[in-house]
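Below is one structure, written out as structure tokens, with a few remarks after it.
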Amino acid sequence: MKIIECSSYEQISKYGAEIIAQQINEKRNSVLGLATGSTPIGMYRELTDMYENNCLDFSGITTFNLDEYCGIDYNIPQSYHHFMQENLFSKVNIPMKSIHIPDASAEDAETACRNYEDAICKAGGIDIQVLGLGHDGHIGFNEPSDSFPVITHKVKLEERTILANMRFFARREDVPQFAVTMGIGTIMKARRILLLVFGDDKEEIMKRALTGKVIPQVPASVLQLHPDVTVLYGK
Ligand code: GLP
């Protein structure tokens, strides 16, 4: 595991974008696993700048997002569909047909989750997966639990996660209680992982995750078992 301490949020964003750009430049048809949350916004801005300056071409890229809230209108700003449009997809040339986000509104959630796994497989697997870190150690929406969930699945969100994500909603009651997320197994199958962590409030959980015991109660601790993880951390 490579842990790079950054001096600012801007530096995390810049280094993160450089790593993604290098991946794309080495393999034009890379499969990117993407994350939402406030942490990767700066990195998406840097990637957009590279595209606008003709330094990066996304036309061969396929993307799979980590997660999406259940029971949310995909057109409202709080949905991850909207977030990704706003922060990246509407600004670069990733073909629409190559963009994938879990279908959290499907009536048959199990089949939708299985289809998502199949689509990742068919695309050749994820080359690099971007992750943020939740305050309780969650990655995607894999909350602390008694076992590591293997595949894409529907989850009930922890109170702490709901409270943390409340800043994006008007009222607590508006924050969805459920989400669909890639499983820990899905994430661990990615060939490379890029974990972005920013802020004092993440320092303790990051230490527990990266240097403590590998336990499902701290989902991100599983990353210690992955052969190619880069962590960009700053506060
Ligand atoms: C949400 C997302 C995660 C994200 C986490 C951290 O719960 N589902 O994928 O990593 O928040 O978000 P932030 O970067 O805003 O701290």
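In the structure tokens, chains take letters A, B, ... by order of appearance, with residues numbered from 1 within each chain and ligands from 1 in the order shown.
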
DSSP-assigned strand (DSSP E or B) among stretch 113-177 of chain A, expressed as a PDB file with all heavy atoms, in the first residue's frame:
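Everything below was put into result28.pdb:
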ATOM      1  N   ILE A 128      -9.201   0.747 -12.354  1.00  0.00           N
ATOM      2  CA  ILE A 128      -8.865   1.523 -11.153  1.00  0.00           C
ATOM      3  C   ILE A 128     -10.161   1.974 -10.490  1.00  0.00           C
ATOM      4  O   ILE A 128     -11.057   2.506 -11.156  1.00  0.00           O
ATOM      5  CB  ILE A 128      -7.913   2.708 -11.463  1.00  0.00           C
ATOM      6  CG1 ILE A 128      -7.478   3.397 -10.163  1.00  0.00           C
ATOM      7  CG2 ILE A 128      -8.502   3.716 -12.429  1.00  0.00           C
ATOM      8  CD1 ILE A 128      -6.236   4.272 -10.313  1.00  0.00           C
ATOM      9  N   GLN A 129     -10.249   1.725  -9.200  1.00  0.00           N
ATOM     10  CA  GLN A 129     -11.454   2.087  -8.446  1.00  0.00           C
ATOM     11  C   GLN A 129     -11.131   3.249  -7.510  1.00  0.00           C
ATOM     12  O   GLN A 129     -10.233   3.158  -6.675  1.00  0.00           O
ATOM     13  CB  GLN A 129     -11.935   0.890  -7.615  1.00  0.00           C
ATOM     14  CG  GLN A 129     -13.114   1.184  -6.708  1.00  0.00           C
ATOM     15  CD  GLN A 129     -14.389   1.507  -7.480  1.00  0.00           C
ATOM     16  OE1 GLN A 129     -14.833   0.712  -8.303  1.00  0.00           O
ATOM     17  NE2 GLN A 129     -14.975   2.677  -7.224  1.00  0.00           N
ATOM     18  N   VAL A 130     -11.856   4.342  -7.667  1.00  0.00           N
ATOM     19  CA  VAL A 130     -11.702   5.490  -6.766  1.00  0.00           C
ATOM     20  C   VAL A 130     -12.623   5.271  -5.563  1.00  0.00           C
ATOM     21  O   VAL A 130     -13.777   4.868  -5.724  1.00  0.00           O
ATOM     22  CB  VAL A 130     -12.116   6.803  -7.481  1.00  0.00           C
ATOM     23  CG1 VAL A 130     -12.009   7.991  -6.530  1.00  0.00           C
ATOM     24  CG2 VAL A 130     -11.285   7.013  -8.740  1.00  0.00           C
ATOM     25  N   LEU A 131     -12.095   5.553  -4.383  1.00  0.00           N
ATOM     26  CA  LEU A 131     -12.892   5.411  -3.155  1.00  0.00           C
ATOM     27  C   LEU A 131     -12.734   6.634  -2.271  1.00  0.00           C
ATOM     28  O   LEU A 131     -11.653   7.239  -2.225  1.00  0.00           O
ATOM     29  CB  LEU A 131     -12.408   4.212  -2.327  1.00  0.00           C
ATOM     30  CG  LEU A 131     -12.545   2.806  -2.892  1.00  0.00           C
ATOM     31  CD1 LEU A 131     -11.893   1.812  -1.931  1.00  0.00           C
ATOM     32  CD2 LEU A 131     -14.011   2.447  -3.111  1.00  0.00           C
ATOM     33  N   ILE A 139     -16.831   2.035   2.821  1.00  0.00           N
ATOM     34  CA  ILE A 139     -16.396   2.342   1.457  1.00  0.00           C
ATOM     35  C   ILE A 139     -17.575   1.994   0.549  1.00  0.00           C
ATOM     36  O   ILE A 139     -18.227   0.977   0.750  1.00  0.00           O
ATOM     37  CB  ILE A 139     -15.085   1.610   1.041  1.00  0.00           C
ATOM     38  CG1 ILE A 139     -15.105   0.135   1.438  1.00  0.00           C
ATOM     39  CG2 ILE A 139     -13.883   2.316   1.611  1.00  0.00           C
ATOM     40  CD1 ILE A 139     -13.854  -0.643   1.010  1.00  0.00           C
ATOM     41  N   ASN A 142     -20.784   0.264   1.942  1.00  0.00           N
ATOM     42  CA  ASN A 142     -20.601  -0.957   2.726  1.00  0.00           C
ATOM     43  C   ASN A 142     -20.373  -0.552   4.164  1.00  0.00           C
ATOM     44  O   ASN A 142     -19.275  -0.121   4.539  1.00  0.00           O
ATOM     45  CB  ASN A 142     -19.412  -1.761   2.199  1.00  0.00           C
ATOM     46  CG  ASN A 142     -19.698  -2.363   0.841  1.00  0.00           C
ATOM     47  OD1 ASN A 142     -20.396  -3.358   0.735  1.00  0.00           O
ATOM     48  ND2 ASN A 142     -19.191  -1.713  -0.204  1.00  0.00           N
ATOM     49  N   HIS A 153     -25.215  -4.959  -3.750  1.00  0.00           N
ATOM     50  CA  HIS A 153     -26.379  -5.329  -2.935  1.00  0.00           C
ATOM     51  C   HIS A 153     -27.062  -4.077  -2.380  1.00  0.00           C
ATOM     52  O   HIS A 153     -26.501  -2.987  -2.409  1.00  0.00           O
ATOM     53  CB  HIS A 153     -25.943  -6.229  -1.777  1.00  0.00           C
ATOM     54  CG  HIS A 153     -24.951  -5.560  -0.868  1.00  0.00           C
ATOM     55  ND1 HIS A 153     -23.651  -5.271  -1.248  1.00  0.00           N
ATOM     56  CD2 HIS A 153     -25.079  -5.076   0.389  1.00  0.00           C
ATOM     57  CE1 HIS A 153     -23.028  -4.653  -0.273  1.00  0.00           C
ATOM     58  NE2 HIS A 153     -23.863  -4.512   0.746  1.00  0.00           N
ATOM     59  N   LYS A 154     -28.271  -4.304  -1.838  1.00  0.00           N
ATOM     60  CA  LYS A 154     -29.010  -3.207  -1.217  1.00  0.00           C
ATOM     61  C   LYS A 154     -28.666  -3.175   0.275  1.00  0.00           C
ATOM     62  O   LYS A 154     -28.573  -4.225   0.904  1.00  0.00           O
ATOM     63  CB  LYS A 154     -30.513  -3.475  -1.421  1.00  0.00           C
ATOM     64  CG  LYS A 154     -31.401  -2.363  -0.937  1.00  0.00           C
ATOM     65  CD  LYS A 154     -32.836  -2.626  -1.372  1.00  0.00           C
ATOM     66  CE  LYS A 154     -33.762  -1.592  -0.766  1.00  0.00           C
ATOM     67  NZ  LYS A 154     -35.133  -1.744  -1.237  1.00  0.00           N
ATOM     68  N   VAL A 155     -28.458  -1.977   0.825  1.00  0.00           N
ATOM     69  CA  VAL A 155     -28.109  -1.872   2.259  1.00  0.00           C
ATOM     70  C   VAL A 155     -28.993  -0.862   2.967  1.00  0.00           C
ATOM     71  O   VAL A 155     -29.459   0.109   2.363  1.00  0.00           O
ATOM     72  CB  VAL A 155     -26.666  -1.353   2.493  1.00  0.00           C
ATOM     73  CG1 VAL A 155     -25.656  -2.414   2.332  1.00  0.00           C
ATOM     74  CG2 VAL A 155     -26.343  -0.141   1.662  1.00  0.00           C
ATOM     75  N   LYS A 156     -29.123  -1.077   4.287  1.00  0.00           N
ATOM     76  CA  LYS A 156     -29.760  -0.055   5.125  1.00  0.00           C
ATOM     77  C   LYS A 156     -28.624   0.799   5.664  1.00  0.00           C
ATOM     78  O   LYS A 156     -27.625   0.278   6.156  1.00  0.00           O
ATOM     79  CB  LYS A 156     -30.530  -0.731   6.264  1.00  0.00           C
ATOM     80  CG  LYS A 156     -31.102   0.256   7.243  1.00  0.00           C
ATOM     81  CD  LYS A 156     -32.458  -0.210   7.783  1.00  0.00           C
ATOM     82  CE  LYS A 156     -33.059   0.757   8.797  1.00  0.00           C
ATOM     83  NZ  LYS A 156     -32.878   2.172   8.578  1.00  0.00           N
TER      84      LYS A 156
END

* To do: Enumerate as a list in words the residues within 7 Å of ligand 1, counting only C-alpha atoms and all ligand atoms.
  => Ala35, Thr36, Gly37, Ser38, Thr39, Pro40, Leu66, Asp67, Leu131, Gly132, Leu133, Gly134, Ile139, Gly140, Phe141, Thr161 and Asn165 of chain A

Mind checking which residues fall within 6 Å of A:Leu194, counting only C-alpha atoms, ignoring those fewer than 6 positions away in the same chain, and posting them as an mmCIF file with N, CA, C and O atoms, in the first residue's frame?
data_model
loop_
_atom_site.group_PDB
_atom_site.id
_atom_site.type_symbol
_atom_site.label_atom_id
_atom_site.label_comp_id
_atom_site.auth_asym_id
_atom_site.auth_seq_id
_atom_site.Cartn_x
_atom_site.Cartn_y
_atom_site.Cartn_z
ATOM 1 N N VAL A 130 -11.856 4.342 -7.667
ATOM 2 C CA VAL A 130 -11.702 5.490 -6.766
ATOM 3 C C VAL A 130 -12.623 5.271 -5.563
ATOM 4 O O VAL A 130 -13.777 4.868 -5.724
ATOM 5 N N VAL A 229 -2.888 -0.570 -3.764
ATOM 6 C CA VAL A 229 -3.701 0.541 -3.244
ATOM 7 C C VAL A 229 -2.822 1.780 -3.094
ATOM 8 O O VAL A 229 -1.724 1.707 -2.555
ATOM 9 N N THR A 230 -3.320 2.911 -3.592
ATOM 10 C CA THR A 230 -2.665 4.196 -3.329
ATOM 11 C C THR A 230 -3.632 5.033 -2.494
ATOM 12 O O THR A 230 -4.817 5.153 -2.842
ATOM 13 N N VAL A 231 -3.130 5.577 -1.387
ATOM 14 C CA VAL A 231 -3.956 6.438 -0.534
ATOM 15 C C VAL A 231 -3.417 7.862 -0.620
ATOM 16 O O VAL A 231 -2.223 8.091 -0.430
#

* List the neighbours of stretch 50-64 of chain A out to 9 Å using only C-alpha atoms; skip same-chain residues closer than 6 positions along the sequence, and give me the result as JSON, numbers by chain. => {"A": [17, 21, 24, 25, 27, 28, 29, 30, 31, 32, 33, 34, 35, 91, 92, 93, 94, 95, 97, 98, 99, 100, 101, 102, 116, 120, 123, 126, 129]}

* To do: Do a neighbour search on stretch 103-111 of chain A at 8 Å with only C-alpha atoms, toss out local chain neighbours closer than 2 positions, and write the hits as a PyMOL selection string.
  => chain A and resi 68-72+101+113-115+153-154+179-180

* Those of stretch 110-174 of chain A in DSSP helix (DSSP H, G or I), formatted as a PyMOL selection string -> chain A and resi 110-122+159-168+172-174

Could you write those residues out with N, CA, C and O atoms, as an mmCIF file, in the first residue's frame?
data_model
loop_
_atom_site.group_PDB
_atom_site.id
_atom_site.type_symbol
_atom_site.label_atom_id
_atom_site.label_comp_id
_atom_site.auth_asym_id
_atom_site.auth_seq_id
_atom_site.Cartn_x
_atom_site.Cartn_y
_atom_site.Cartn_z
ATOM 1 N N GLU A 110 -32.462 -7.488 -6.489
ATOM 2 C CA GLU A 110 -31.475 -8.562 -6.580
ATOM 3 C C GLU A 110 -31.001 -8.775 -8.020
ATOM 4 O O GLU A 110 -29.800 -8.895 -8.280
ATOM 5 N N THR A 111 -31.986 -8.804 -8.949
ATOM 6 C CA THR A 111 -31.626 -8.995 -10.358
ATOM 7 C C THR A 111 -30.822 -7.797 -10.854
ATOM 8 O O THR A 111 -29.817 -7.954 -11.558
ATOM 9 N N ALA A 112 -31.247 -6.596 -10.468
ATOM 10 C CA ALA A 112 -30.518 -5.391 -10.904
ATOM 11 C C ALA A 112 -29.070 -5.447 -10.411
ATOM 12 O O ALA A 112 -28.142 -5.092 -11.141
ATOM 13 N N CYS A 113 -28.872 -5.900 -9.187
ATOM 14 C CA CYS A 113 -27.509 -5.983 -8.626
ATOM 15 C C CYS A 113 -26.682 -7.029 -9.378
ATOM 16 O O CYS A 113 -25.515 -6.807 -9.679
ATOM 17 N N ARG A 114 -27.333 -8.159 -9.682
ATOM 18 C CA ARG A 114 -26.618 -9.204 -10.417
ATOM 19 C C ARG A 114 -26.235 -8.700 -11.812
ATOM 20 O O ARG A 114 -25.130 -8.923 -12.293
ATOM 21 N N ASN A 115 -27.162 -7.965 -12.451
ATOM 22 C CA ASN A 115 -26.875 -7.412 -13.783
ATOM 23 C C ASN A 115 -25.692 -6.438 -13.726
ATOM 24 O O ASN A 115 -24.889 -6.366 -14.657
ATOM 25 N N TYR A 116 -25.613 -5.694 -12.641
ATOM 26 C CA TYR A 116 -24.512 -4.731 -12.498
ATOM 27 C C TYR A 116 -23.167 -5.468 -12.422
ATOM 28 O O TYR A 116 -22.209 -5.096 -13.091
ATOM 29 N N GLU A 117 -23.152 -6.531 -11.632
ATOM 30 C CA GLU A 117 -21.932 -7.347 -11.533
ATOM 31 C C GLU A 117 -21.556 -7.915 -12.903
ATOM 32 O O GLU A 117 -20.390 -7.894 -13.297
ATOM 33 N N ASP A 118 -22.575 -8.401 -13.635
ATOM 34 C CA ASP A 118 -22.321 -8.981 -14.961
ATOM 35 C C ASP A 118 -21.757 -7.934 -15.912
ATOM 36 O O ASP A 118 -20.850 -8.217 -16.698
ATOM 37 N N ALA A 119 -22.315 -6.722 -15.825
ATOM 38 C CA ALA A 119 -21.845 -5.650 -16.725
ATOM 39 C C ALA A 119 -20.372 -5.320 -16.434
ATOM 40 O O ALA A 119 -19.585 -5.095 -17.365
ATOM 41 N N ILE A 120 -19.987 -5.316 -15.167
ATOM 42 C CA ILE A 120 -18.578 -5.046 -14.822
ATOM 43 C C ILE A 120 -17.690 -6.138 -15.417
ATOM 44 O O ILE A 120 -16.653 -5.877 -16.024
ATOM 45 N N CYS A 121 -18.158 -7.377 -15.255
ATOM 46 C CA CYS A 121 -17.409 -8.526 -15.780
ATOM 47 C C CYS A 121 -17.247 -8.416 -17.290
ATOM 48 O O CYS A 121 -16.142 -8.584 -17.830
ATOM 49 N N LYS A 122 -18.364 -8.123 -17.971
ATOM 50 C CA LYS A 122 -18.368 -8.034 -19.439
ATOM 51 C C LYS A 122 -17.443 -6.938 -19.933
ATOM 52 O O LYS A 122 -16.850 -7.035 -21.009
ATOM 53 N N GLU A 159 -27.136 5.121 11.020
ATOM 54 C CA GLU A 159 -27.533 6.457 11.470
ATOM 55 C C GLU A 159 -26.392 7.474 11.240
ATOM 56 O O GLU A 159 -26.598 8.589 10.783
ATOM 57 N N ARG A 160 -25.153 7.041 11.543
ATOM 58 C CA ARG A 160 -24.011 7.945 11.409
ATOM 59 C C ARG A 160 -23.805 8.400 9.961
ATOM 60 O O ARG A 160 -23.435 9.541 9.693
ATOM 61 N N THR A 161 -24.048 7.485 9.040
ATOM 62 C CA THR A 161 -23.908 7.814 7.613
ATOM 63 C C THR A 161 -25.013 8.775 7.197
ATOM 64 O O THR A 161 -24.777 9.752 6.471
ATOM 65 N N ILE A 162 -26.225 8.505 7.695
ATOM 66 C CA ILE A 162 -27.357 9.385 7.369
ATOM 67 C C ILE A 162 -27.065 10.796 7.885
ATOM 68 O O ILE A 162 -27.227 11.785 7.163
ATOM 69 N N LEU A 163 -26.555 10.866 9.107
ATOM 70 C CA LEU A 163 -26.250 12.191 9.679
ATOM 71 C C LEU A 163 -25.134 12.887 8.896
ATOM 72 O O LEU A 163 -25.190 14.084 8.626
ATOM 73 N N ALA A 164 -24.111 12.101 8.496
ATOM 74 C CA ALA A 164 -22.991 12.696 7.746
ATOM 75 C C ALA A 164 -23.463 13.219 6.393
ATOM 76 O O ALA A 164 -22.983 14.250 5.905
ATOM 77 N N ASN A 165 -24.420 12.508 5.783
ATOM 78 C CA ASN A 165 -24.873 12.907 4.447
ATOM 79 C C ASN A 165 -26.023 13.910 4.485
ATOM 80 O O ASN A 165 -26.465 14.395 3.444
ATOM 81 N N MET A 166 -26.450 14.237 5.712
ATOM 82 C CA MET A 166 -27.562 15.180 5.880
ATOM 83 C C MET A 166 -27.202 16.574 5.355
ATOM 84 O O MET A 166 -28.065 17.323 4.924
ATOM 85 N N ARG A 167 -25.876 16.875 5.369
ATOM 86 C CA ARG A 167 -25.450 18.206 4.892
ATOM 87 C C ARG A 167 -25.861 18.465 3.442
ATOM 88 O O ARG A 167 -25.904 19.598 3.001
ATOM 89 N N PHE A 168 -26.123 17.378 2.686
ATOM 90 C CA PHE A 168 -26.518 17.568 1.289
ATOM 91 C C PHE A 168 -28.036 17.693 1.118
ATOM 92 O O PHE A 168 -28.531 17.925 0.022
ATOM 93 N N ARG A 172 -33.303 15.935 7.806
ATOM 94 C CA ARG A 172 -32.867 14.565 8.055
ATOM 95 C C ARG A 172 -33.814 13.552 7.395
ATOM 96 O O ARG A 172 -33.377 12.539 6.847
ATOM 97 N N GLU A 173 -35.131 13.840 7.449
ATOM 98 C CA GLU A 173 -36.135 12.920 6.887
ATOM 99 C C GLU A 173 -35.969 12.758 5.374
ATOM 100 O O GLU A 173 -36.501 11.825 4.789
ATOM 101 N N ASP A 174 -35.271 13.685 4.743
ATOM 102 C CA ASP A 174 -35.110 13.587 3.284
ATOM 103 C C ASP A 174 -33.973 12.635 2.890
ATOM 104 O O ASP A 174 -33.864 12.244 1.731
#

* Find the residue from A:Asn65, A:Asp200, A:Gln78, A:Leu210 that sits nearest to A:Thr152; use only C-alpha atoms when measuring. =>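 When distances to A:Thr152 are compared using only C-alpha atoms, the smallest one comes from A:Asn65.
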
* Structure fact -> note - atom CA of A:Gln224 and atom CA of A:Met1 are separated by 7.1 Å

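One distance worth recording is that between atom CA of A:Gly137 and atom CA of A:Thr186, which is 16.9 Å.
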
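Shortest separation to A:Gly183 among A:Ala209, A:Leu157, A:Leu195, A:Ile151 occurs at residue A:Ile151, atoms counted being only C-alpha atoms.
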
* **Between atom CA of A:Pro219 and atom CA of A:Glu203 - distance in Å to one decimal** =>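 Atom CA of A:Glu203 sits 15.6 Å away from atom CA of A:Pro219.
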